[in-house]
Every structure is written in C-alpha cells, then in structure tokens.
>>> print(open('run-v9.cif').read())   # mmCIF, C-alpha atoms
data_target
loop_
_atom_site.group_PDB
_atom_site.id
_atom_site.type_symbol
_atom_site.label_atom_id
_atom_site.label_comp_id
_atom_site.auth_asym_id
_atom_site.auth_seq_id
_atom_site.Cartn_x
_atom_site.Cartn_y
_atom_site.Cartn_z
ATOM 1 C CA MET A 1 35.592 -27.157 -19.695
ATOM 2 C CA SER A 2 34.029 -27.448 -16.272
ATOM 3 C CA PRO A 3 32.045 -24.521 -14.772
ATOM 4 C CA GLY A 4 34.442 -21.900 -13.441
ATOM 5 C CA VAL A 5 37.286 -23.035 -15.701
ATOM 6 C CA ARG A 6 38.364 -20.764 -18.533
ATOM 7 C CA PRO A 7 41.158 -20.690 -21.130
ATOM 8 C CA LEU A 8 44.313 -18.684 -20.541
ATOM 9 C CA VAL A 9 47.348 -17.787 -22.647
ATOM 10 C CA LEU A 10 50.749 -17.473 -20.960
ATOM 11 C CA GLU A 11 53.640 -15.779 -22.730
ATOM 12 C CA THR A 12 57.174 -17.168 -22.686
ATOM 13 C CA GLY A 13 58.749 -14.696 -25.127
ATOM 14 C CA PRO A 14 59.295 -16.795 -28.259
ATOM 15 C CA PHE A 15 55.912 -18.555 -28.163
ATOM 16 C CA PRO A 16 52.656 -18.699 -26.152
ATOM 17 C CA LEU A 17 51.514 -21.537 -23.915
ATOM 18 C CA SER A 18 47.818 -22.317 -23.767
ATOM 19 C CA ALA A 19 46.397 -23.138 -20.354
ATOM 20 C CA LEU A 20 43.254 -23.514 -18.262
ATOM 21 C CA ILE A 21 42.640 -21.551 -15.067
ATOM 22 C CA ALA A 22 40.187 -21.765 -12.164
ATOM 23 C CA GLN A 23 40.274 -19.195 -9.352
ATOM 24 C CA PRO A 24 38.835 -19.094 -5.837
ATOM 25 C CA SER A 25 36.274 -16.526 -4.738
ATOM 26 C CA GLY A 26 38.871 -14.655 -2.666
ATOM 27 C CA PRO A 27 42.653 -14.270 -2.610
ATOM 28 C CA PRO A 28 44.379 -17.601 -3.283
ATOM 29 C CA ARG A 29 46.282 -19.410 -0.548
ATOM 30 C CA ALA A 30 48.709 -20.566 -3.240
ATOM 31 C CA THR A 31 48.739 -21.411 -6.943
ATOM 32 C CA VAL A 32 48.656 -25.001 -8.129
ATOM 33 C CA VAL A 33 50.264 -25.450 -11.543
ATOM 34 C CA ALA A 34 49.293 -28.756 -13.148
ATOM 35 C CA VAL A 35 51.646 -30.251 -15.754
ATOM 36 C CA HIS A 36 50.359 -33.017 -18.041
ATOM 37 C CA GLY A 37 52.139 -36.075 -19.363
ATOM 38 C CA GLY A 38 53.300 -37.153 -22.798
ATOM 39 C CA GLY A 39 50.622 -37.361 -25.482
ATOM 40 C CA MET A 40 48.060 -35.559 -23.310
ATOM 41 C CA SER A 41 47.078 -31.912 -22.773
ATOM 42 C CA ALA A 42 46.090 -29.484 -20.023
ATOM 43 C CA GLY A 43 42.530 -30.840 -20.083
ATOM 44 C CA TYR A 44 43.833 -33.978 -18.348
ATOM 45 C CA PHE A 45 43.350 -32.066 -15.091
ATOM 46 C CA ASP A 46 39.778 -31.028 -15.977
ATOM 47 C CA GLY A 47 38.234 -34.415 -16.781
ATOM 48 C CA GLN A 48 34.649 -34.263 -18.018
ATOM 49 C CA ALA A 49 33.404 -37.805 -17.371
ATOM 50 C CA HIS A 50 32.333 -37.060 -13.778
ATOM 51 C CA PRO A 51 32.018 -33.834 -11.716
ATOM 52 C CA ASP A 52 34.483 -35.112 -9.086
ATOM 53 C CA VAL A 53 37.352 -35.638 -11.535
ATOM 54 C CA SER A 54 38.502 -32.057 -12.181
ATOM 55 C CA LEU A 55 41.496 -30.848 -10.161
ATOM 56 C CA LEU A 56 40.789 -27.297 -11.336
ATOM 57 C CA THR A 57 37.312 -27.053 -9.846
ATOM 58 C CA LEU A 58 38.296 -28.866 -6.635
ATOM 59 C CA GLY A 59 41.350 -26.692 -6.038
ATOM 60 C CA ALA A 60 39.468 -23.452 -6.652
ATOM 61 C CA ARG A 61 36.726 -24.493 -4.199
ATOM 62 C CA LEU A 62 39.407 -25.104 -1.564
ATOM 63 C CA GLY A 63 40.973 -21.672 -1.971
ATOM 64 C CA TYR A 64 43.702 -22.159 -4.550
ATOM 65 C CA THR A 65 44.204 -20.779 -8.012
ATOM 66 C CA VAL A 66 44.755 -23.772 -10.286
ATOM 67 C CA VAL A 67 46.425 -23.443 -13.694
ATOM 68 C CA ALA A 68 46.837 -26.430 -16.016
ATOM 69 C CA VAL A 69 49.449 -25.670 -18.677
ATOM 70 C CA ASP A 70 49.905 -27.166 -22.132
ATOM 71 C CA ARG A 71 53.609 -27.984 -22.125
ATOM 72 C CA PRO A 72 55.828 -26.688 -24.970
ATOM 73 C CA GLY A 73 54.995 -28.611 -28.141
ATOM 74 C CA TYR A 74 51.329 -28.962 -27.190
ATOM 75 C CA GLY A 75 48.315 -26.694 -27.638
ATOM 76 C CA LEU A 76 49.063 -23.198 -28.957
ATOM 77 C CA SER A 77 52.831 -23.752 -28.961
ATOM 78 C CA ALA A 78 52.675 -26.848 -31.198
ATOM 79 C CA ALA A 79 52.731 -24.729 -34.353
ATOM 80 C CA HIS A 80 55.903 -22.992 -33.135
ATOM 81 C CA LEU A 81 57.559 -26.187 -31.857
ATOM 82 C CA PRO A 82 56.566 -29.077 -34.168
ATOM 83 C CA LEU A 83 59.369 -31.239 -32.739
ATOM 84 C CA GLY A 84 58.841 -30.091 -29.151
ATOM 85 C CA GLN A 85 61.606 -29.184 -26.701
ATOM 86 C CA ASN A 86 64.008 -30.990 -24.415
ATOM 87 C CA LEU A 87 63.505 -30.800 -20.652
ATOM 88 C CA ALA A 88 65.972 -27.967 -20.080
ATOM 89 C CA GLU A 89 64.183 -25.854 -22.688
ATOM 90 C CA GLN A 90 60.757 -26.732 -21.290
ATOM 91 C CA SER A 91 61.932 -25.735 -17.816
ATOM 92 C CA ALA A 92 63.039 -22.319 -19.076
ATOM 93 C CA ALA A 93 59.716 -21.869 -20.879
ATOM 94 C CA LEU A 94 57.760 -22.839 -17.764
ATOM 95 C CA ARG A 95 59.715 -20.343 -15.673
ATOM 96 C CA ALA A 96 58.919 -17.570 -18.153
ATOM 97 C CA ALA A 97 55.246 -18.597 -18.238
ATOM 98 C CA LEU A 98 54.982 -18.580 -14.436
ATOM 99 C CA THR A 99 56.654 -15.170 -14.277
ATOM 100 C CA HIS A 100 54.016 -13.931 -16.733
ATOM 101 C CA LEU A 101 51.288 -15.594 -14.646
ATOM 102 C CA ALA A 102 52.513 -13.893 -11.457
ATOM 103 C CA GLY A 103 52.425 -10.544 -13.221
ATOM 104 C CA ARG A 104 48.741 -10.990 -14.067
ATOM 105 C CA PHE A 105 47.223 -12.814 -11.096
ATOM 106 C CA PRO A 106 47.926 -13.056 -7.362
ATOM 107 C CA THR A 107 49.711 -16.347 -6.661
ATOM 108 C CA GLY A 108 49.377 -16.451 -2.869
ATOM 109 C CA ALA A 109 52.282 -18.051 -1.016
ATOM 110 C CA GLY A 110 53.800 -19.373 -4.222
ATOM 111 C CA VAL A 111 53.539 -22.144 -6.795
ATOM 112 C CA PHE A 112 53.005 -25.850 -6.158
ATOM 113 C CA LEU A 113 53.515 -28.214 -9.110
ATOM 114 C CA VAL A 114 51.170 -31.171 -9.577
ATOM 115 C CA ALA A 115 52.613 -33.206 -12.416
ATOM 116 C CA HIS A 116 51.813 -36.445 -14.213
ATOM 117 C CA SER A 117 54.102 -38.846 -16.097
ATOM 118 C CA PHE A 118 56.359 -36.873 -18.491
ATOM 119 C CA GLY A 119 55.123 -33.749 -16.730
ATOM 120 C CA GLY A 120 56.814 -35.132 -13.612
ATOM 121 C CA LYS A 121 60.092 -35.115 -15.502
ATOM 122 C CA LEU A 122 59.575 -31.429 -16.249
ATOM 123 C CA ALA A 123 58.589 -30.709 -12.631
ATOM 124 C CA LEU A 124 61.782 -32.326 -11.309
ATOM 125 C CA THR A 125 63.885 -30.478 -13.892
ATOM 126 C CA TYR A 126 62.212 -27.173 -13.013
ATOM 127 C CA ALA A 127 62.746 -27.745 -9.289
ATOM 128 C CA ALA A 128 66.409 -28.651 -9.829
ATOM 129 C CA ASP A 129 66.849 -25.388 -11.727
ATOM 130 C CA GLN A 130 65.888 -23.478 -8.557
ATOM 131 C CA ASP A 131 69.590 -23.478 -7.657
ATOM 132 C CA GLN A 132 69.691 -20.521 -10.071
ATOM 133 C CA PRO A 133 66.585 -18.705 -8.778
ATOM 134 C CA ASP A 134 64.739 -16.093 -10.802
ATOM 135 C CA PRO A 135 63.537 -13.329 -8.447
ATOM 136 C CA THR A 136 60.733 -12.461 -10.882
ATOM 137 C CA ALA A 137 59.209 -15.971 -10.760
ATOM 138 C CA PRO A 138 56.901 -16.983 -7.886
ATOM 139 C CA PRO A 139 58.554 -19.154 -5.206
ATOM 140 C CA LEU A 140 58.260 -22.910 -5.588
ATOM 141 C CA LEU A 141 56.574 -24.579 -2.601
ATOM 142 C CA GLY A 142 56.791 -28.263 -3.511
ATOM 143 C CA LEU A 143 56.155 -31.033 -6.021
ATOM 144 C CA ASP A 144 53.425 -33.664 -6.197
ATOM 145 C CA ILE A 145 54.186 -36.142 -8.987
ATOM 146 C CA SER A 146 52.213 -39.178 -10.127
ATOM 147 C CA GLY A 147 53.107 -41.822 -12.680
ATOM 148 C CA CYS A 148 56.823 -41.010 -12.857
ATOM 149 C CA GLY A 149 59.749 -42.871 -11.338
ATOM 150 C CA ARG A 150 63.382 -43.360 -12.215
ATOM 151 C CA ASP A 151 63.627 -46.827 -13.740
ATOM 152 C CA TYR A 152 61.332 -48.027 -16.487
ATOM 153 C CA ALA A 153 59.453 -51.309 -16.318
ATOM 154 C CA VAL A 154 59.827 -51.522 -20.112
ATOM 155 C CA ASP A 155 62.877 -51.738 -22.353
ATOM 156 C CA PRO A 156 64.224 -48.142 -22.515
ATOM 157 C CA SER A 157 65.597 -48.742 -26.015
ATOM 158 C CA ALA A 158 62.012 -48.997 -27.283
ATOM 159 C CA LEU A 159 60.870 -45.677 -25.812
ATOM 160 C CA GLY A 160 61.927 -43.723 -28.882
ATOM 161 C CA ASP A 161 59.309 -45.664 -30.863
ATOM 162 C CA PRO A 162 56.097 -43.564 -30.982
ATOM 163 C CA HIS A 163 54.017 -46.753 -31.000
ATOM 164 C CA GLN A 164 55.268 -47.555 -27.480
ATOM 165 C CA PHE A 165 53.418 -44.529 -26.141
ATOM 166 C CA GLY A 166 50.145 -45.820 -27.553
ATOM 167 C CA GLN A 167 50.098 -48.912 -25.367
ATOM 168 C CA TRP A 168 46.564 -48.810 -24.017
ATOM 169 C CA LYS A 169 47.052 -51.147 -21.051
ATOM 170 C CA ARG A 170 50.131 -49.320 -19.763
ATOM 171 C CA ASN A 171 48.476 -45.930 -20.071
ATOM 172 C CA TRP A 172 45.133 -46.803 -18.539
ATOM 173 C CA GLY A 173 45.053 -50.094 -16.628
ATOM 174 C CA ALA A 174 41.675 -51.728 -15.926
ATOM 175 C CA LEU A 175 38.524 -50.271 -17.508
ATOM 176 C CA CYS A 176 36.737 -50.364 -14.155
ATOM 177 C CA PHE A 177 39.082 -47.683 -12.804
ATOM 178 C CA TYR A 178 37.366 -44.969 -14.889
ATOM 179 C CA PRO A 179 33.869 -43.412 -14.963
ATOM 180 C CA PRO A 180 31.628 -44.199 -17.963
ATOM 181 C CA GLY A 181 32.352 -41.868 -20.855
ATOM 182 C CA THR A 182 36.006 -41.365 -19.893
ATOM 183 C CA PHE A 183 37.438 -42.744 -23.109
ATOM 184 C CA ARG A 184 35.006 -40.884 -25.332
ATOM 185 C CA ALA A 185 35.853 -37.614 -23.539
ATOM 186 C CA ALA A 186 39.581 -38.411 -23.505
ATOM 187 C CA GLY A 187 39.731 -38.208 -27.286
ATOM 188 C CA ALA A 188 39.786 -34.418 -26.952
ATOM 189 C CA LEU A 189 42.707 -34.583 -24.511
ATOM 190 C CA VAL A 190 45.099 -36.729 -26.519
ATOM 191 C CA ALA A 191 47.802 -35.009 -28.593
ATOM 192 C CA PRO A 192 50.810 -36.251 -30.576
ATOM 193 C CA MET A 193 53.949 -36.642 -28.478
ATOM 194 C CA PRO A 194 56.685 -34.434 -30.007
ATOM 195 C CA ALA A 195 59.703 -36.246 -31.437
ATOM 196 C CA ARG A 196 62.303 -34.532 -29.219
ATOM 197 C CA GLU A 197 60.301 -35.484 -26.145
ATOM 198 C CA ARG A 198 60.148 -39.152 -27.183
ATOM 199 C CA ALA A 199 63.881 -39.205 -27.863
ATOM 200 C CA GLU A 200 64.749 -37.702 -24.485
ATOM 201 C CA ALA A 201 62.632 -40.251 -22.619
ATOM 202 C CA VAL A 202 65.307 -42.894 -23.254
ATOM 203 C CA ARG A 203 67.843 -40.953 -21.160
ATOM 204 C CA TRP A 204 65.522 -40.286 -18.229
ATOM 205 C CA PRO A 205 67.060 -42.575 -15.539
ATOM 206 C CA GLU A 206 70.350 -40.652 -15.664
ATOM 207 C CA HIS A 207 68.547 -37.314 -15.803
ATOM 208 C CA PHE A 208 66.398 -38.254 -12.788
ATOM 209 C CA THR A 209 69.458 -38.960 -10.663
ATOM 210 C CA ALA A 210 71.096 -35.668 -11.630
ATOM 211 C CA ALA A 211 67.931 -33.606 -11.127
ATOM 212 C CA SER A 212 66.721 -35.201 -7.887
ATOM 213 C CA ALA A 213 70.057 -34.439 -6.198
ATOM 214 C CA ARG A 214 69.363 -30.696 -6.647
ATOM 215 C CA VAL A 215 65.660 -30.458 -5.720
ATOM 216 C CA PRO A 216 65.367 -28.046 -2.753
ATOM 217 C CA VAL A 217 61.631 -28.401 -2.019
ATOM 218 C CA PRO A 218 59.402 -31.150 -0.551
ATOM 219 C CA VAL A 219 58.481 -33.954 -2.945
ATOM 220 C CA ARG A 220 55.611 -36.440 -3.005
ATOM 221 C CA LEU A 221 55.606 -39.334 -5.492
ATOM 222 C CA THR A 222 52.496 -41.443 -6.120
ATOM 223 C CA PHE A 223 52.298 -44.756 -7.975
ATOM 224 C CA ALA A 224 49.004 -46.287 -9.065
ATOM 225 C CA GLU A 225 48.032 -49.844 -8.190
ATOM 226 C CA GLN A 226 48.368 -50.703 -11.894
ATOM 227 C CA GLU A 227 51.356 -48.513 -12.745
ATOM 228 C CA LEU A 228 52.983 -50.451 -15.589
ATOM 229 C CA TRP A 229 55.468 -47.934 -17.011
ATOM 230 C CA TRP A 230 57.726 -47.776 -13.936
ATOM 231 C CA ARG A 231 59.452 -50.062 -11.468
ATOM 232 C CA HIS A 232 58.022 -49.370 -8.016
ATOM 233 C CA ASP A 233 58.508 -52.306 -5.686
ATOM 234 C CA GLU A 234 59.579 -51.591 -2.112
ATOM 235 C CA GLN A 235 63.295 -51.652 -2.954
ATOM 236 C CA ASP A 236 62.762 -49.247 -5.874
ATOM 237 C CA LEU A 237 60.807 -46.818 -3.675
ATOM 238 C CA ALA A 238 63.406 -46.902 -0.922
ATOM 239 C CA GLU A 239 66.067 -46.070 -3.499
ATOM 240 C CA LEU A 240 63.975 -43.194 -4.866
ATOM 241 C CA THR A 241 63.704 -41.490 -1.487
ATOM 242 C CA ARG A 242 67.488 -41.634 -1.068
ATOM 243 C CA LEU A 243 67.965 -39.717 -4.311
ATOM 244 C CA PHE A 244 66.648 -36.397 -2.878
ATOM 245 C CA PRO A 245 69.397 -35.369 -0.427
ATOM 246 C CA THR A 246 68.525 -31.643 -0.520
ATOM 247 C CA ALA A 247 64.719 -31.952 -0.324
ATOM 248 C CA PRO A 248 63.349 -31.097 3.151
ATOM 249 C CA PHE A 249 61.216 -34.240 3.060
ATOM 250 C CA VAL A 250 60.082 -36.870 0.553
ATOM 251 C CA THR A 251 56.878 -38.910 0.660
ATOM 252 C CA VAL A 252 56.067 -41.923 -1.515
ATOM 253 C CA ASP A 253 52.452 -43.110 -1.714
ATOM 254 C CA ARG A 254 50.477 -45.787 -3.524
ATOM 255 C CA GLN A 255 47.009 -45.172 -4.957
ATOM 256 C CA PRO A 256 44.741 -48.240 -4.857
ATOM 257 C CA GLY A 257 42.143 -48.767 -7.574
ATOM 258 C CA ALA A 258 44.029 -46.733 -10.146
ATOM 259 C CA GLY A 259 45.907 -47.005 -13.411
ATOM 260 C CA HIS A 260 48.545 -44.689 -14.848
ATOM 261 C CA ASN A 261 46.042 -41.916 -15.744
ATOM 262 C CA MET A 262 44.684 -41.653 -12.195
ATOM 263 C CA SER A 263 43.544 -38.013 -12.507
ATOM 264 C CA LEU A 264 40.873 -39.195 -14.958
ATOM 265 C CA GLY A 265 39.738 -42.140 -12.820
ATOM 266 C CA TRP A 266 37.327 -42.770 -9.975
ATOM 267 C CA VAL A 267 40.208 -42.091 -7.565
ATOM 268 C CA ALA A 268 40.864 -38.621 -9.003
ATOM 269 C CA ARG A 269 39.192 -36.780 -6.124
ATOM 270 C CA SER A 270 41.018 -38.904 -3.542
ATOM 271 C CA TYR A 271 44.368 -38.382 -5.243
ATOM 272 C CA HIS A 272 43.824 -34.652 -5.756
ATOM 273 C CA LEU A 273 42.784 -34.166 -2.122
ATOM 274 C CA ARG A 274 45.952 -35.940 -1.011
ATOM 275 C CA ALA A 275 48.010 -33.726 -3.312
ATOM 276 C CA LEU A 276 46.396 -30.613 -1.857
ATOM 277 C CA ALA A 277 46.912 -31.944 1.662
ATOM 278 C CA PHE A 278 50.599 -32.267 0.808
ATOM 279 C CA LEU A 279 50.535 -28.643 -0.351
ATOM 280 C CA GLU A 280 49.096 -27.717 3.054
ATOM 281 C CA GLU A 281 52.026 -29.515 4.707
ATOM 282 C CA CYS A 282 54.420 -27.508 2.544
ATOM 283 C CA LEU A 283 52.663 -24.281 3.524
ATOM 284 C CA ALA A 284 52.732 -25.187 7.208
ATOM 285 C CA ARG A 285 56.443 -26.011 7.144
ATOM 286 C CA SER A 286 57.204 -22.782 5.282
ATOM 287 C CA GLY A 287 55.173 -20.737 7.768
ATOM 288 C CA ALA A 288 52.821 -19.536 5.016
ATOM 289 C CA THR A 289 49.577 -20.745 6.608
ATOM 290 C CA SER A 290 47.468 -17.620 6.624
#
>>> encode(input="run-v9.cif", output="structure tokens")
Amino acid sequence: MSPGVRPLVLETGPFPLSALIAQPSGPPRATVVAVHGGGMSAGYFDGQAHPDVSLLTLGARLGYTVVAVDRPGYGLSAAHLPLGQNLAEQSAALRAALTHLAGRFPTGAGVFLVAHSFGGKLALTYAADQDQPDPTAPPLLGLDISGCGRDYAVDPSALGDPHQFGQWKRNWGALCFYPPGTFRAAGALVAPMPARERAEAVRWPEHFTAASARVPVPVRLTFAEQELWWRHDEQDLAELTRLFPTAPFVTVDRQPGAGHNMSLGWVARSYHLRALAFLEECLARSGATS
C-alpha cells in the first residue's frame, strides 16, 4: 500500500467487504468510492509502479476521503461467496457497506463512485437503485466510469468463458502505456472472476439500457485510446448519452495514450484528476461547494 493508505473492513450484514482507505488531513469535501473491475481487486486504485498512479493518495491530498472496495466475491468476502453475486445483490451489499462507512467516518457532501470495467456495471446498477433511496446511506453525488459501455466489441456469447477475461491485449493495450514494474506489481491485484459475475456479463447490454434510464445523478464515461472490449465510435457514444434521460448531465471523454486498465498507466494521474474535476462539477451543481 502507498503511504497514508490503510486497510479497512466494511460490514454488509451477511459478510464483510475488505477495502483500502486514505483520508485528508481535515474534514473531507466528499467521499470517493472506487469500484474495481472483473478479475481485479481494490488495489487497482492504489498502483505501486509509480507514485503518481494511486487514486487514493491523490484524492486524499486534494481533500477527499477515498475508499477502494473489494466487490462481493473478492477479498475477504470471497470465502463467503465463492460463486460471487449478481449485480442486484452486489448493489445491495454496496449500499450496506456505504451505510456502515458513513457510520464510522465523515463522508462530507456525499459519495462519488469512480468505477472501472465491471465495477462500472455495479456503479450504474447502484445509481439506478437510488429510486428507492435508503435514508441511512450517504447521498450519491455522481458517477465516473471508465472502460465500460453498452455494446461489446467481442462476441457476447463467449463472455461466459473464463479464458475470455484473460485476454492480455484487451485488458492492457500497448506495453508503453504503463510504468516499468506495472505487470510485476499487478500480480498482487489480480483475482479470479466469480462464476456468477462471468455469466451475468453476457446479459449486460439489456441491463445497461434498463439501468441507465433510471440513473438520477451526473455521469461521466471515459474510453481509452486502446479500449478493445467495447464499441465506442462516435455513433456509439452519441447513443450512450441518449440512454440517460433522468441524469442531470452526461459527459463522454476519451483518454489518449491509454489501454483498458488506465488507472495503472502513465495516464492515471491525468484520468484521476479529470474524475475529481467532474466530482467538483457535481458538488458545484448541488450547491455543496464549501
């Protein structure tokens, strides 16, 4: 872990979720909750190959509490959930974990989700579930999602095959996008993708359309220059923005010099700063700027 980052356990009721937390020196402006993708872990947001890579240390320096959560089926919960959970179950678990978090630490103006790949699917599901708000959970300010679209650039029928998720080129892109030592350090971040999660990935395009129609908060989607899992030409991106009728605003960005795992690459600081700038826009529009 990076300096200032420490482990944390969040309770959901039936099982614990392991996490990492970094806190600012004073009261937080808001709390950034980082949600990793399939086959990864919370450490994805605390990369060790270069000091500029960690979202946790950057966010804490800029006045936010940052919590990176191991999703259900990963980390401490893997022993309780060997097959993982579907997205609806993960959303309920995340809500319980964030309620527990808010009971232990000040969360500032609320929670902002920064999510990658399959974690973006959970973030959209969680946001859609805000139409049944839990008054004990901290308010949701917005979503910043990378590496997750609606339509796959691969054959969806093959997504249930665990070997598909080991495709190096699709997951990483060009070697030059990452600091030296990234792939040696990444060995500690990789985890088996639970079977229920793999199976649900096939049905994602329909789930995206249903979830995006109910998202009530601002959304930012980012696609890497070498994003090979998802369709993201100009027509695809225009269609994506139309699928959020209840979101106050939707932004779609491209990240040059990046592959799918951009939060571990040379562009990590650039991407994370843009994500936090989007959080500042959400705070300004909500009136929570102090």
>>> axis_aligned_box(input="run-v9.cif", around="segment 33-49 of chain A", padding_each_side="8 Å", output="lines of an AutoDock Vina configuration file")
center_x = 43.4
center_y = -31.6
center_z = -18.5
size_x = 35.9
size_y = 28.4
size_z = 29.9
>>> closest_residue(input="run-v9.cif", among="A:Phe249, A:Leu175, A:Asp131, A:Gly259", to="Arg214 of chain A", atoms="all atoms listed in the file")
A:Asp131
>>> resolve_selection(input="run-v9.cif", expression="the PyMOL selection byres ((chain A and resi 196-198) around 7)", output="short mmCIF file (atom, residue, chain, number, x, y, z; two decimals) with C-alpha atoms, in the frame of the given file")
data_model
loop_
_atom_site.label_atom_id
_atom_site.label_comp_id
_atom_site.auth_asym_id
_atom_site.auth_seq_id
_atom_site.Cartn_x
_atom_site.Cartn_y
_atom_site.Cartn_z
CA LEU A 83 59.37 -31.24 -32.74
CA GLY A 84 58.84 -30.09 -29.15
CA GLN A 85 61.61 -29.18 -26.70
CA ASN A 86 64.01 -30.99 -24.42
CA LEU A 159 60.87 -45.68 -25.81
CA GLY A 160 61.93 -43.72 -28.88
CA MET A 193 53.95 -36.64 -28.48
CA PRO A 194 56.68 -34.43 -30.01
CA ALA A 195 59.70 -36.25 -31.44
CA ALA A 199 63.88 -39.20 -27.86
CA GLU A 200 64.75 -37.70 -24.48
CA ALA A 201 62.63 -40.25 -22.62
#
>>> resolve_selection(input="run-v9.cif", expression="the PyMOL selection byres ((chain A and resi 182) around 9)", output="list in words")
Gly47, Gln48, Ala49, His50, Tyr178, Pro179, Pro180, Gly181, Phe183, Arg184, Ala185, Ala186, Gly187, Leu264 and Gly265 of chain A
>>> write_last_selection(input="run-v9.cif", atoms="C-alpha atoms", output="PDB file, keeping the file's coordinate frame")
ATOM      1  CA  GLY A  47      38.234 -34.415 -16.781  1.00  0.00           C
ATOM      2  CA  GLN A  48      34.649 -34.263 -18.018  1.00  0.00           C
ATOM      3  CA  ALA A  49      33.404 -37.805 -17.371  1.00  0.00           C
ATOM      4  CA  HIS A  50      32.333 -37.060 -13.778  1.00  0.00           C
ATOM      5  CA  TYR A 178      37.366 -44.969 -14.889  1.00  0.00           C
ATOM      6  CA  PRO A 179      33.869 -43.412 -14.963  1.00  0.00           C
ATOM      7  CA  PRO A 180      31.628 -44.199 -17.963  1.00  0.00           C
ATOM      8  CA  GLY A 181      32.352 -41.868 -20.855  1.00  0.00           C
ATOM      9  CA  PHE A 183      37.438 -42.744 -23.109  1.00  0.00           C
ATOM     10  CA  ARG A 184      35.006 -40.884 -25.332  1.00  0.00           C
ATOM     11  CA  ALA A 185      35.853 -37.614 -23.539  1.00  0.00           C
ATOM     12  CA  ALA A 186      39.581 -38.411 -23.505  1.00  0.00           C
ATOM     13  CA  GLY A 187      39.731 -38.208 -27.286  1.00  0.00           C
ATOM     14  CA  LEU A 264      40.873 -39.195 -14.958  1.00  0.00           C
ATOM     15  CA  GLY A 265      39.738 -42.140 -12.820  1.00  0.00           C
TER      16      GLY A 265
END
>>> atom_distance(input="run-v9.cif", atom1="atom CA of Thr251 of chain A", atom2="atom CA of Val219 of chain A")
6.3 Å
>>> atom_distance(input="run-v9.cif", atom1="atom CA of Asp70 of chain A", atom2="atom CA of Arg95 of chain A")
13.6 Å
>>> atom_distance(input="run-v9.cif", atom1="atom CA of Gly73 of chain A", atom2="atom CA of Leu113 of chain A")
19.1 Å
>>> resolve_selection(input="run-v9.cif", expression="the PyMOL selection byres ((chain A and resi 209) around 12)", output="list in words")
Lys121, Leu124, Thr125, Ala128, Gly149, Arg150, Asp151, Arg203, Trp204, Pro205, Glu206, His207, Phe208, Ala210, Ala211, Ser212, Ala213, Arg214, Val215, Glu239, Leu240, Thr241, Arg242, Leu243, Phe244 and Pro245 of chain A
>>> closest_atom_pairs(input="run-v9.cif", of="segment 246-280 of chain A", to="segment 26-40 of chain A", cutoff="12 Å", atoms="all atoms listed in the file", output="tab-separated table")
residue	atom	partner	partner_atom	distance
A:His260	CA	A:Gly37	CA	10.4
A:Asn261	CA	A:Gly37	CA	9.2
A:Met262	CA	A:Gly37	CA	11.8
A:Ser263	CA	A:His36	CA	10.1
A:Leu264	CA	A:Met40	CA	11.6
A:His272	CA	A:Ala34	CA	10.9
A:Ala275	CA	A:Val32	CA	10.0
A:Leu276	CA	A:Val32	CA	8.7
A:Phe278	CA	A:Val32	CA	11.7
A:Leu279	CA	A:Ala30	CA	8.8
A:Glu280	CA	A:Arg29	CA	9.5
>>> closest_residue(input="run-v9.cif", among="A:Ala22, A:Leu141, A:Val67, A:Leu87", to="Pro218 of chain A", atoms="only C-alpha atoms")
A:Leu141
>>> closest_residue(input="run-v9.cif", among="A:Val154, A:Val217, A:Val267, A:Ala102", to="Asp129 of chain A", atoms="all atoms listed in the file")
A:Val217
>>> residues_around(input="run-v9.cif", residues="Ala96 of chain A", least_positions_apart="3", cutoff="6 Å", atoms="all atoms listed in the file", output="ChimeraX atom specification")
/A:12,93,99
